[in-house]
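Colleague: What follows is query_6.pdb; its format and atoms are PDB, C-alpha atoms.
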MODEL        1
ATOM      1  CA  MET A   1      27.931 -51.877 -23.846
ATOM      2  CA  SER A   2      27.185 -54.593 -21.309
ATOM      3  CA  GLY A   3      23.767 -54.878 -19.727
ATOM      4  CA  SER A   4      24.922 -53.655 -16.304
ATOM      5  CA  LYS A   5      26.789 -50.679 -17.762
ATOM      6  CA  LYS A   6      23.810 -49.821 -19.980
ATOM      7  CA  PHE A   7      21.530 -49.939 -16.940
ATOM      8  CA  ILE A   8      23.819 -47.600 -14.981
ATOM      9  CA  PHE A   9      24.081 -45.251 -17.976
ATOM     10  CA  LEU A  10      20.300 -45.087 -18.422
ATOM     11  CA  PHE A  11      19.785 -44.666 -14.683
ATOM     12  CA  LEU A  12      22.164 -41.687 -14.630
ATOM     13  CA  ILE A  13      20.317 -40.089 -17.560
ATOM     14  CA  PHE A  14      17.014 -40.609 -15.750
ATOM     15  CA  LEU A  15      18.394 -39.191 -12.517
ATOM     16  CA  PHE A  16      19.807 -36.126 -14.283
ATOM     17  CA  SER A  17      16.503 -35.532 -16.082
ATOM     18  CA  PHE A  18      14.539 -36.009 -12.887
ATOM     19  CA  LEU A  19      16.654 -33.579 -10.884
ATOM     20  CA  ASN A  20      16.541 -30.902 -13.578
ATOM     21  CA  GLY A  21      13.057 -31.433 -14.944
ATOM     22  CA  ASN A  22      11.536 -31.446 -11.483
ATOM     23  CA  ALA A  23      13.650 -28.651 -10.042
ATOM     24  CA  GLU A  24      10.640 -26.399  -9.758
ATOM     25  CA  ASP A  25       8.585 -29.103  -8.046
ATOM     26  CA  SER A  26      11.363 -29.726  -5.539
ATOM     27  CA  ILE A  27      11.555 -26.103  -4.433
ATOM     28  CA  GLN A  28      10.864 -25.835  -0.735
ATOM     29  CA  ASP A  29       9.502 -22.485   0.376
ATOM     30  CA  ALA A  30       9.544 -21.295   3.976
ATOM     31  CA  ILE A  31       6.929 -18.943   5.403
ATOM     32  CA  LEU A  32       7.324 -17.169   8.720
ATOM     33  CA  TYR A  33       3.948 -16.022  10.035
ATOM     34  CA  GLU A  34       2.109 -15.049  13.188
ATOM     35  CA  SER A  35      -0.645 -17.154  14.725
ATOM     36  CA  ALA A  36      -2.285 -16.616  18.113
ATOM     37  CA  GLY A  37       0.432 -14.153  19.075
ATOM     38  CA  GLN A  38       3.267 -16.539  18.261
ATOM     39  CA  GLN A  39       5.677 -16.731  15.351
ATOM     40  CA  LYS A  40       5.472 -19.971  13.408
ATOM     41  CA  GLU A  41       7.220 -21.365  10.347
ATOM     42  CA  LEU A  42       5.712 -23.486   7.614
ATOM     43  CA  SER A  43       7.691 -25.274   4.900
ATOM     44  CA  GLY A  44       6.293 -26.542   1.643
ATOM     45  CA  LYS A  45       5.533 -25.417  -1.885
ATOM     46  CA  ILE A  46       3.711 -22.113  -2.411
ATOM     47  CA  LEU A  47       0.876 -22.681  -4.871
ATOM     48  CA  ASN A  48      -0.509 -19.143  -5.019
ATOM     49  CA  LEU A  49      -0.840 -15.797  -3.289
ATOM     50  CA  THR A  50      -4.185 -14.009  -3.574
ATOM     51  CA  GLY A  51      -5.941 -11.152  -1.851
ATOM     52  CA  ALA A  52      -8.993 -13.270  -1.056
ATOM     53  CA  GLU A  53      -7.361 -16.496   0.113
ATOM     54  CA  GLY A  54      -3.925 -15.363   1.241
ATOM     55  CA  LEU A  55      -0.894 -17.589   0.817
ATOM     56  CA  ILE A  56      -1.699 -21.120  -0.305
ATOM     57  CA  VAL A  57       0.977 -23.638   0.707
ATOM     58  CA  LEU A  58       1.122 -27.385   0.141
ATOM     59  CA  GLN A  59       3.261 -29.132   2.733
ATOM     60  CA  LYS A  60       5.349 -32.114   1.680
ATOM     61  CA  GLY A  61       3.353 -35.331   1.909
ATOM     62  CA  SER A  62       0.050 -33.476   2.281
ATOM     63  CA  GLN A  63      -2.847 -33.480  -0.149
ATOM     64  CA  VAL A  64      -4.655 -30.527   1.446
ATOM     65  CA  PRO A  65      -3.069 -27.042   1.241
ATOM     66  CA  ASP A  66      -2.736 -24.608   4.134
ATOM     67  CA  TYR A  67      -4.057 -21.056   3.872
ATOM     68  CA  ILE A  68      -2.154 -18.247   5.605
ATOM     69  CA  PRO A  69      -3.798 -14.781   5.798
ATOM     70  CA  ILE A  70      -1.729 -12.048   4.184
ATOM     71  CA  SER A  71      -1.887  -9.941   7.335
ATOM     72  CA  SER A  72      -0.204 -12.777   9.274
ATOM     73  CA  ILE A  73       2.788 -13.182   6.938
ATOM     74  CA  ILE A  74       6.096 -11.931   8.319
ATOM     75  CA  GLU A  75       8.534 -13.274   5.731
ATOM     76  CA  ILE A  76       8.580 -15.521   2.672
ATOM     77  CA  ARG A  77      11.806 -17.366   1.839
ATOM     78  CA  THR A  78      11.983 -18.913  -1.603
ATOM     79  CA  SER A  79      14.397 -19.442  -4.488
ATOM     80  CA  LYS A  80      15.123 -16.570  -6.871
ATOM     81  CA  CYS A  81      16.662 -16.527 -10.332
ATOM     82  CA  ASP A  82      19.863 -14.532 -10.964
ATOM     83  CA  ALA A  83      18.045 -11.615 -12.610
ATOM     84  CA  HIS A  84      15.697 -11.369  -9.617
ATOM     85  CA  LYS A  85      18.667 -11.240  -7.232
ATOM     86  CA  ALA A  86      20.337  -8.566  -9.368
ATOM     87  CA  GLY A  87      17.100  -6.569  -9.293
ATOM     88  CA  ASP A  88      17.003  -6.803  -5.497
ATOM     89  CA  ARG A  89      20.565  -5.488  -5.277
ATOM     90  CA  ALA A  90      19.812  -2.556  -7.588
ATOM     91  CA  PHE A  91      16.612  -1.784  -5.671
ATOM     92  CA  GLU A  92      18.467  -1.760  -2.346
ATOM     93  CA  GLU A  93      21.068   0.552  -3.871
ATOM     94  CA  GLY A  94      18.277   2.867  -5.026
ATOM     95  CA  GLU A  95      16.763   2.965  -1.544
ATOM     96  CA  LYS A  96      20.150   3.648  -0.001
ATOM     97  CA  ASN A  97      21.338   6.330  -2.422
ATOM     98  CA  ARG A  98      17.916   7.656  -3.523
ATOM     99  CA  THR A  99      19.002   7.461  -7.184
ATOM    100  CA  SER A 100      16.608   7.057 -10.108
ATOM    101  CA  GLU A 101      19.319   5.282 -12.099
ATOM    102  CA  SER A 102      19.527   2.417  -9.600
ATOM    103  CA  PHE A 103      15.757   1.998  -9.592
ATOM    104  CA  SER A 104      15.731   1.953 -13.409
ATOM    105  CA  LYS A 105      18.383  -0.790 -13.359
ATOM    106  CA  ALA A 106      16.153  -2.733 -10.985
ATOM    107  CA  VAL A 107      13.267  -2.394 -13.444
ATOM    108  CA  ASP A 108      15.366  -3.896 -16.236
ATOM    109  CA  TYR A 109      16.554  -6.806 -14.083
ATOM    110  CA  TYR A 110      13.078  -7.566 -12.760
ATOM    111  CA  ARG A 111      11.565  -7.477 -16.245
ATOM    112  CA  GLU A 112      14.227  -9.910 -17.412
ATOM    113  CA  ALA A 113      13.416 -12.171 -14.447
ATOM    114  CA  ARG A 114       9.699 -12.062 -15.220
ATOM    115  CA  LYS A 115      10.214 -12.757 -18.908
ATOM    116  CA  ASN A 116      12.937 -15.401 -18.918
ATOM    117  CA  GLY A 117      13.991 -16.402 -15.431
ATOM    118  CA  GLU A 118      10.852 -17.218 -13.479
ATOM    119  CA  LYS A 119       8.111 -19.721 -14.347
ATOM    120  CA  ARG A 120       6.002 -19.756 -11.173
ATOM    121  CA  PRO A 121       2.888 -17.568 -11.794
ATOM    122  CA  TRP A 122       2.653 -16.333  -8.208
ATOM    123  CA  MET A 123       6.330 -15.324  -8.239
ATOM    124  CA  ARG A 124       5.950 -13.526 -11.563
ATOM    125  CA  ALA A 125       3.141 -11.492  -9.988
ATOM    126  CA  TRP A 126       5.407 -10.745  -7.022
ATOM    127  CA  ILE A 127       8.132  -9.597  -9.427
ATOM    128  CA  THR A 128       5.585  -7.338 -11.147
ATOM    129  CA  SER A 129       4.916  -5.654  -7.802
ATOM    130  CA  LEU A 130       8.669  -5.062  -7.474
ATOM    131  CA  ILE A 131       8.687  -3.551 -10.968
ATOM    132  CA  VAL A 132       5.952  -1.137  -9.840
ATOM    133  CA  LYS A 133       7.936  -0.109  -6.758
ATOM    134  CA  SER A 134      11.088   0.368  -8.838
ATOM    135  CA  LEU A 135       9.245   2.486 -11.399
ATOM    136  CA  LYS A 136       7.923   4.665  -8.579
ATOM    137  CA  GLY A 137      11.466   5.089  -7.290
ATOM    138  CA  ALA A 138      12.635   6.013 -10.781
ATOM    139  CA  GLY A 139       9.879   8.617 -11.128
ATOM    140  CA  ARG A 140       8.241   6.745 -14.017
ATOM    141  CA  GLU A 141       4.670   7.108 -12.794
ATOM    142  CA  THR A 142       2.788   6.250 -15.987
ATOM    143  CA  GLU A 143       4.623   2.948 -16.367
ATOM    144  CA  ALA A 144       4.062   2.181 -12.680
ATOM    145  CA  VAL A 145       0.311   2.606 -13.140
ATOM    146  CA  GLN A 146       0.278   0.415 -16.249
ATOM    147  CA  GLU A 147       2.244  -2.348 -14.509
ATOM    148  CA  PHE A 148       0.012  -2.242 -11.440
ATOM    149  CA  LEU A 149      -3.078  -2.624 -13.613
ATOM    150  CA  ILE A 150      -1.564  -5.941 -14.753
ATOM    151  CA  LEU A 151      -1.702  -7.045 -11.119
ATOM    152  CA  CYS A 152      -5.322  -5.865 -10.916
ATOM    153  CA  GLN A 153      -6.215  -8.050 -13.881
ATOM    154  CA  ILE A 154      -4.577 -11.031 -12.203
ATOM    155  CA  ASP A 155      -6.391 -10.445  -8.904
ATOM    156  CA  PRO A 156      -9.104  -7.775  -8.303
ATOM    157  CA  LEU A 157      -8.257  -7.945  -4.580
ATOM    158  CA  SER A 158      -4.540  -7.669  -5.209
ATOM    159  CA  PRO A 159      -2.298  -8.835  -2.350
ATOM    160  CA  TYR A 160       0.255  -6.258  -3.518
ATOM    161  CA  LEU A 161      -1.452  -3.127  -2.199
ATOM    162  CA  ASP A 162       1.867  -2.055  -0.705
ATOM    163  CA  SER A 163       3.041  -1.239  -4.230
ATOM    164  CA  ILE A 164      -0.099   0.554  -5.493
ATOM    165  CA  PRO A 165       0.934   3.893  -7.101
ATOM    166  CA  LEU A 166      -1.953   5.979  -5.742
ATOM    167  CA  GLN A 167      -2.013   9.704  -6.385
ATOM    168  CA  TRP A 168      -2.370  11.746  -3.180
ATOM    169  CA  ILE A 169      -1.504  15.190  -4.544
ATOM    170  CA  VAL A 170      -1.493  16.737  -7.987
ATOM    171  CA  SER A 171       2.189  16.645  -8.896
ATOM    172  CA  ARG A 172       3.746  20.053  -9.451
ATOM    173  CA  SER A 173       6.266  18.581 -11.869
ATOM    174  CA  MET A 174       3.803  16.663 -14.072
ATOM    175  CA  ALA A 175       3.053  18.265 -17.437
ATOM    176  CA  PRO A 176      -0.668  18.767 -18.189
ATOM    177  CA  GLU A 177      -0.519  16.431 -21.205
ATOM    178  CA  LYS A 178       1.035  13.706 -19.043
ATOM    179  CA  ARG A 179      -1.751  14.110 -16.499
ATOM    180  CA  ILE A 180      -4.383  13.778 -19.237
ATOM    181  CA  GLU A 181      -2.612  10.658 -20.539
ATOM    182  CA  LEU A 182      -2.734   9.069 -17.085
ATOM    183  CA  GLU A 183      -6.409   9.913 -16.681
ATOM    184  CA  GLN A 184      -7.181   8.181 -19.969
ATOM    185  CA  ILE A 185      -5.225   5.087 -18.884
ATOM    186  CA  VAL A 186      -7.164   4.666 -15.621
ATOM    187  CA  LEU A 187     -10.600   5.889 -16.767
ATOM    188  CA  PRO A 188     -11.772   2.506 -18.155
ATOM    189  CA  TRP A 189     -11.215   0.965 -14.694
ATOM    190  CA  ILE A 190     -13.367   3.375 -12.677
ATOM    191  CA  ASN A 191     -16.583   1.444 -13.356
ATOM    192  CA  SER A 192     -17.173  -1.499 -11.022
ATOM    193  CA  GLN A 193     -18.630  -3.723 -13.748
ATOM    194  CA  GLN A 194     -17.755  -2.413 -17.200
ATOM    195  CA  ASN A 195     -13.973  -2.424 -17.106
ATOM    196  CA  PRO A 196     -11.196  -4.212 -19.062
ATOM    197  CA  GLY A 197     -11.187  -7.016 -16.481
ATOM    198  CA  GLY A 198     -14.861  -7.728 -17.081
ATOM    199  CA  LYS A 199     -15.725  -8.071 -13.359
ATOM    200  CA  PRO A 200     -15.729  -5.969 -10.185
ATOM    201  CA  ASN A 201     -12.205  -4.758  -9.532
ATOM    202  CA  PRO A 202     -12.044  -2.665  -6.356
ATOM    203  CA  THR A 203      -8.253  -2.322  -6.386
ATOM    204  CA  ALA A 204      -8.236  -0.880  -9.918
ATOM    205  CA  GLN A 205     -11.180   1.353  -8.987
ATOM    206  CA  LEU A 206      -9.241   2.824  -6.089
ATOM    207  CA  LEU A 207      -6.219   3.480  -8.294
ATOM    208  CA  ALA A 208      -8.337   5.083 -11.020
ATOM    209  CA  ALA A 209     -10.269   7.267  -8.570
ATOM    210  CA  SER A 210      -7.041   8.619  -7.069
ATOM    211  CA  PHE A 211      -6.030  10.048 -10.465
ATOM    212  CA  LEU A 212      -9.474  11.393 -11.361
ATOM    213  CA  LEU A 213     -10.469  12.932  -8.020
ATOM    214  CA  GLU A 214      -8.846  16.322  -8.717
ATOM    215  CA  SER A 215      -9.117  16.235 -12.496
ATOM    216  CA  SER A 216      -9.760  19.437 -14.424
ATOM    217  CA  ASN A 217     -12.706  17.532 -15.895
ATOM    218  CA  GLY A 218     -15.682  18.042 -13.558
ATOM    219  CA  PRO A 219     -17.560  14.830 -14.447
ATOM    220  CA  TYR A 220     -14.388  12.802 -13.823
ATOM    221  CA  ARG A 221     -14.139  14.289 -10.324
ATOM    222  CA  GLN A 222     -17.710  13.282  -9.516
ATOM    223  CA  ILE A 223     -17.262   9.774 -10.908
ATOM    224  CA  ALA A 224     -14.149   9.345  -8.784
ATOM    225  CA  ALA A 225     -15.839  10.592  -5.596
ATOM    226  CA  ASP A 226     -18.802   8.263  -6.193
ATOM    227  CA  ALA A 227     -16.460   5.304  -6.738
ATOM    228  CA  LEU A 228     -14.611   6.012  -3.492
ATOM    229  CA  GLU A 229     -17.881   6.257  -1.562
ATOM    230  CA  ALA A 230     -18.908   2.903  -3.025
ATOM    231  CA  LEU A 231     -15.625   1.313  -1.928
ATOM    232  CA  ILE A 232     -16.161   2.599   1.607
ATOM    233  CA  LEU A 233     -19.696   1.214   1.771
ATOM    234  CA  ALA A 234     -18.952  -2.084  -0.018
ATOM    235  CA  PRO A 235     -19.994  -5.027   2.172
ATOM    236  CA  SER A 236     -17.080  -7.062   3.442
ATOM    237  CA  SER A 237     -16.994 -10.835   3.331
ATOM    238  CA  ASN A 238     -14.861 -13.460   4.995
ATOM    239  CA  GLN A 239     -12.824 -13.814   1.813
ATOM    240  CA  GLY A 240     -10.343 -11.003   1.483
ATOM    241  CA  SER A 241     -11.693  -9.160   4.536
ATOM    242  CA  SER A 242      -8.244  -7.718   5.315
ATOM    243  CA  ALA A 243      -7.761  -6.466   1.750
ATOM    244  CA  ARG A 244     -11.288  -4.995   1.643
ATOM    245  CA  LYS A 245     -10.704  -3.223   4.955
ATOM    246  CA  ASP A 246      -7.497  -1.642   3.633
ATOM    247  CA  LEU A 247      -9.263  -0.604   0.427
ATOM    248  CA  ALA A 248     -12.065   1.053   2.414
ATOM    249  CA  LEU A 249      -9.599   2.910   4.648
ATOM    250  CA  LEU A 250      -7.559   4.103   1.665
ATOM    251  CA  ALA A 251     -10.745   5.214  -0.121
ATOM    252  CA  THR A 252     -11.755   7.157   3.004
ATOM    253  CA  ALA A 253      -8.347   8.842   3.132
ATOM    254  CA  GLN A 254      -8.536   9.733  -0.570
ATOM    255  CA  LEU A 255     -11.708  11.718   0.101
ATOM    256  CA  TRP A 256      -9.833  13.796   2.677
ATOM    257  CA  ARG A 257      -8.249  15.511  -0.313
ATOM    258  CA  LEU A 258     -11.607  17.177  -1.029
ATOM    259  CA  LYS A 259     -11.978  18.291   2.598
ATOM    260  CA  MET A 260      -8.677  20.172   2.623
ATOM    261  CA  HIS A 261     -10.453  23.191   1.102
ATOM    262  CA  ARG A 262     -12.934  23.655   3.958
ATOM    263  CA  SER A 263     -12.578  24.366   7.675
ATOM    264  CA  LEU A 264     -11.370  21.429   9.763
ATOM    265  CA  SER A 265     -11.448  20.891  13.508
ATOM    266  CA  GLU A 266      -8.581  19.511  15.555
ATOM    267  CA  ASN A 267     -10.775  16.589  16.637
ATOM    268  CA  GLU A 268     -11.546  15.681  13.033
ATOM    269  CA  ILE A 269      -7.879  15.752  12.039
ATOM    270  CA  SER A 270      -6.926  13.731  15.116
ATOM    271  CA  PHE A 271      -9.422  11.122  13.923
ATOM    272  CA  TRP A 272      -7.658  11.126  10.540
ATOM    273  CA  LYS A 273      -4.402  10.430  12.317
ATOM    274  CA  GLU A 274      -5.913   7.529  14.228
ATOM    275  CA  MET A 275      -7.352   6.090  10.997
ATOM    276  CA  SER A 276      -4.001   6.456   9.223
ATOM    277  CA  PHE A 277      -2.286   4.271  11.780
ATOM    278  CA  ARG A 278      -4.905   1.547  11.385
ATOM    279  CA  LEU A 279      -3.333   0.809   8.020
ATOM    280  CA  SER A 280      -0.227  -1.317   7.714
ATOM    281  CA  PRO A 281       2.924   0.881   7.717
ATOM    282  CA  SER A 282       3.520   0.372   3.979
ATOM    283  CA  LEU A 283       0.159   2.037   3.212
ATOM    284  CA  GLN A 284       0.359   4.994   5.581
ATOM    285  CA  ALA A 285       2.337   7.535   3.531
ATOM    286  CA  GLY A 286      -0.567   9.280   1.767
ATOM    287  CA  PRO A 287      -2.947   9.414   4.742
ATOM    288  CA  ILE A 288      -0.168  10.611   7.071
ATOM    289  CA  PHE A 289       0.811  13.333   4.599
ATOM    290  CA  LEU A 290      -2.761  14.640   4.341
ATOM    291  CA  THR A 291      -3.160  14.546   8.122
ATOM    292  CA  GLY A 292       0.092  16.467   8.619
ATOM    293  CA  LYS A 293      -0.933  19.039   6.037
ATOM    294  CA  ALA A 294      -4.314  19.440   7.736
ATOM    295  CA  PHE A 295      -2.666  20.029  11.138
ATOM    296  CA  LEU A 296      -0.475  22.667   9.501
ATOM    297  CA  LYS A 297      -3.570  24.332   8.083
ATOM    298  CA  ILE A 298      -5.074  24.873  11.553
ATOM    299  CA  GLY A 299      -1.781  26.057  13.025
ATOM    300  CA  GLN A 300      -0.792  22.875  14.871
ATOM    301  CA  LYS A 301       2.794  23.088  13.639
ATOM    302  CA  GLU A 302       4.439  20.564  15.946
ATOM    303  CA  LYS A 303       1.826  17.907  15.222
ATOM    304  CA  ALA A 304       2.212  18.623  11.510
ATOM    305  CA  LYS A 305       5.988  18.420  11.664
ATOM    306  CA  GLU A 306       5.899  15.078  13.484
ATOM    307  CA  LEU A 307       3.875  13.558  10.645
ATOM    308  CA  LEU A 308       5.365  15.331   7.620
ATOM    309  CA  LEU A 309       8.914  14.377   8.590
ATOM    310  CA  ARG A 310       7.948  10.719   8.340
ATOM    311  CA  ILE A 311       7.378  10.935   4.581
ATOM    312  CA  PRO A 312      10.912  11.603   3.247
ATOM    313  CA  ILE A 313      12.475   9.415   5.950
ATOM    314  CA  LEU A 314      10.245   6.328   5.773
ATOM    315  CA  TYR A 315       8.881   6.476   2.217
ATOM    316  CA  PRO A 316      11.702   7.200  -0.262
ATOM    317  CA  LEU A 317       9.650   5.802  -3.162
ATOM    318  CA  GLU A 318       6.942   8.447  -2.639
ATOM    319  CA  LYS A 319       8.915  11.168  -4.377
ATOM    320  CA  ASP A 320       6.120  13.702  -4.938
ATOM    321  CA  LEU A 321       4.884  13.358  -1.355
ATOM    322  CA  SER A 322       8.422  13.628   0.021
ATOM    323  CA  GLN A 323       9.160  16.783  -1.970
ATOM    324  CA  GLU A 324       5.860  18.362  -0.980
ATOM    325  CA  ALA A 325       6.373  17.460   2.692
ATOM    326  CA  MET A 326       9.814  19.076   2.622
ATOM    327  CA  ARG A 327       8.345  22.159   0.908
ATOM    328  CA  LEU A 328       5.762  22.527   3.668
ATOM    329  CA  LEU A 329       8.157  21.963   6.572
ATOM    330  CA  PRO A 330      10.089  25.277   6.371
ATOM    331  CA  ALA A 331       6.844  27.133   7.161
ATOM    332  CA  GLU A 332       7.043  25.652  10.652
ATOM    333  CA  LYS A 333      10.284  27.410  11.594
TER     334      LYS A 333
ENDMDL
END
Represent the structure of the file as C-alpha cells.

Modeller:
Amino acid sequence: MSGSKKFIFLFLIFLFSFLNGNAEDSIQDAILYESAGQQKELSGKILNLTGAEGLIVLQKGSQVPDYIPISSIIEIRTSKCDAHKAGDRAFEEGEKNRTSESFSKAVDYYREARKNGEKRPWMRAWITSLIVKSLKGAGRETEAVQEFLILCQIDPLSPYLDSIPLQWIVSRSMAPEKRIELEQIVLPWINSQQNPGGKPNPTAQLLAASFLLESSNGPYRQIAADALEALILAPSSNQGSSARKDLALLATAQLWRLKMHRSLSENEISFWKEMSFRLSPSLQAGPIFLTGKAFLKIGQKEKAKELLLRIPILYPLEKDLSQEAMRLLPAEK
C-alpha cells in the first residue's frame, strides 16, 4: 500500500472511531424553559439532573455549566435508544387504552433500555422514573415502591417527585400480607438519619410515611405522623427549595388523612383545596382526592364532584384513587 493510500486508510479508521467512540459526547440536548416570564431554549450537553441543583447543562465551547431550576423546565429534547422509544410507545398506549398489559410492556422495554441501551447516568435515572410510572399503571405497587427507592438512593431530593408512588388511601384490593410486605420495605427509610442511604433522605421518608400512616401497627402510625411533621417543619435552603416546598406540601396533605375522622369546617376544607393547587399538576391527585372526599363528608356535593371527577380523568395511573373516586361519586346523585 502506498504512503498516500495508507494515510487515507488510517484517517478513515480514525474518523470512524472518532464518530462512534464519541457519539455520546457529541449528543446535543435542547432544553425549553421559562425565565422572567419568557420561554427560552438552551442547547448543549446535559451533565446531570438533581433535586438540589436542577438541570446542569454545558453549552458547546463553554467551560462553566448552566443551572436551570426544575420548576422552570418546560421540555427536554434528547436522544433515546430504541428500547426507550418502544417503552414510550407502550406507555402512551397504556394511557390511551387504560390497559395494564401495555404498561407492563413499557416496564420491560424501559428496563432493557436502562440495562443495555443507555449509558448516561442522568438518563438512566429518568428511565427509572418511567419504570415507576409504568408499574403504577400496571397495578404493580410493590415493584413501583422498590424502583422509586432506587431514585431516592441516587438523590435524597429526587427531581422525579411526579412519579412517587405515595399511598393516599388504604387499598381495598390489597391483601393484608401484601400490605405488611410493603410496610417492611419502607420501614427502614422512615428514620431521617439511620436509613439504607446513610444520610437524611426526605423523599424516601415521605414515601415511607405514606404507607405507615394508617398501619394496623400503632407505633408505626405514630412514627409516620412524627416524620411528616418533621418534613413540614424542616428548614428550607436555597438548594432544592422547590423540591423541599413540594415535600412539605405533600407531607401536610398526607396528614389530612388523619383528620378525615373528625369534624371539618367548610373553611378548613377550602384551605385544603387552595393548598392542593399550589402543587404542580402532576402532584395534585392525592390532595385533590382528600379535599373532594372531605367536601362530600360535610354535604358539599357539587364541590366534591368537581374535584373527584378530576382523578379518573386526569390521573389514569392512580388506579386506587380513581376507583375510589368513582365509588364515591354515585352518592352525589

Colleague: Work out how far CA of Tyr110 in chain A is from CA of Glu41 in chain A, in Å to one decimal.

Modeller: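 These two atoms are separated by 27.5 Å.
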
Colleague: Counting all atoms listed in the file, what is within 10 Å of range 313-318 of chain A, bar same-chain residues fewer than 6 positions away, as a PyMOL selection string?

Modeller: chain A and resi 94-98+100+103+133-139+163+165-168+281-286

Colleague: Quick one: which residues end up in the PyMOL selection byres ((chain A and resi 43-52) around 6) for this structure, as JSON, numbers by chain?

Modeller: {"A": [28, 29, 30, 42, 53, 54, 55, 56, 57, 58, 59, 60, 122, 157, 158, 159, 239, 240]}

Colleague: If you measure from CA of Leu308 in chain A to CA of Arg179 in chain A, what distance in Å do you get, rounded to one decimal?

Modeller: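 Those two atoms sit 25.2 Å apart.
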
Colleague: On this structure, which residues satisfy the PyMOL selection byres ((chain A and resi 251) around 12), written as a PyMOL selection string?

Modeller: chain A and resi 166-168+202-210+213+224-234+244-250+252-257+275-276+279+283+286-287

Colleague: To test your reading of the syntax: which residues would the PyMOL selection byres ((chain A and resi 146) around 12) return for the file shown? Reply as a ChimeraX atom specification.

Modeller: /A:128-129,131-132,135-136,140-145,147-153,164-165,181-186,189,204,207-208

Colleague: Would you work out the distance separating CA of Lys305 in chain A from CA of Ile288 in chain A, expressed in Å to one decimal?

Modeller: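 Atom-to-atom, CA of Lys305 in chain A to CA of Ile288 in chain A, that is 11.0 Å.
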
Colleague: Give the answer as one residue: which of A:Ser62, A:Gln323, A:Ser270, A:Gln38 has the shortest atom-to-atom distance to Lys303 in chain A, using only C-alpha atoms?

Modeller: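 Ranking A:Ser62, A:Gln323, A:Ser270, A:Gln38 by distance to Lys303 in chain A, first place goes to A:Ser270.
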
Colleague: The residues within 12 Å of (17.1, -17.3, -5.5), using all atoms listed in the file and the coordinates of the file, should be reported as a list in words; which are they?

Modeller: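 Residues with an atom close enough to that point: Glu24, Ile27, Gln28, Asp29, Ile76, Arg77, Thr78, Ser79, Lys80, Cys81, Asp82, Ala83, His84, Lys85, Ala86, Gly87, Asp88, Ala113, Gly117, Glu118 and Met123 of chain A.
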
Colleague: Point out the residue among A:Met260, A:Lys105, A:Val170, A:Ile154 with the least atom-to-atom distance to Asp320 in chain A, counting only C-alpha atoms.

Modeller: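 Among the listed residues, A:Val170 lies closest to Asp320 in chain A.
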
Colleague: Please return the centre and edge lengths, in Å to one decimal, of a box with edges along x, y and z that contains all listed atoms of range 101-119 of chain A, widened by 8 Å on every side, as lines of an AutoDock Vina configuration file.

Modeller:
center_x = 13.8
center_y = -7.2
center_z = -14.3
size_x = 27.4
size_y = 41.0
size_z = 25.3

Colleague: For Lys297 in chain A, which residue among A:Glu34, A:Glu177, A:Glu266, A:Glu75 is the nearest when counting all atoms listed in the file?

Modeller: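 Nearest to Lys297 in chain A: A:Glu266.
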
Colleague: For each of A:Leu309, A:Leu328, A:Ile180, A:Ile70, take the minimum atom-to-atom distance to Glu214 in chain A, counting only C-alpha atoms, then give the residue where this is smallest.

Modeller: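 Using only C-alpha atoms, the shortest distance to Glu214 in chain A belongs to A:Ile180.
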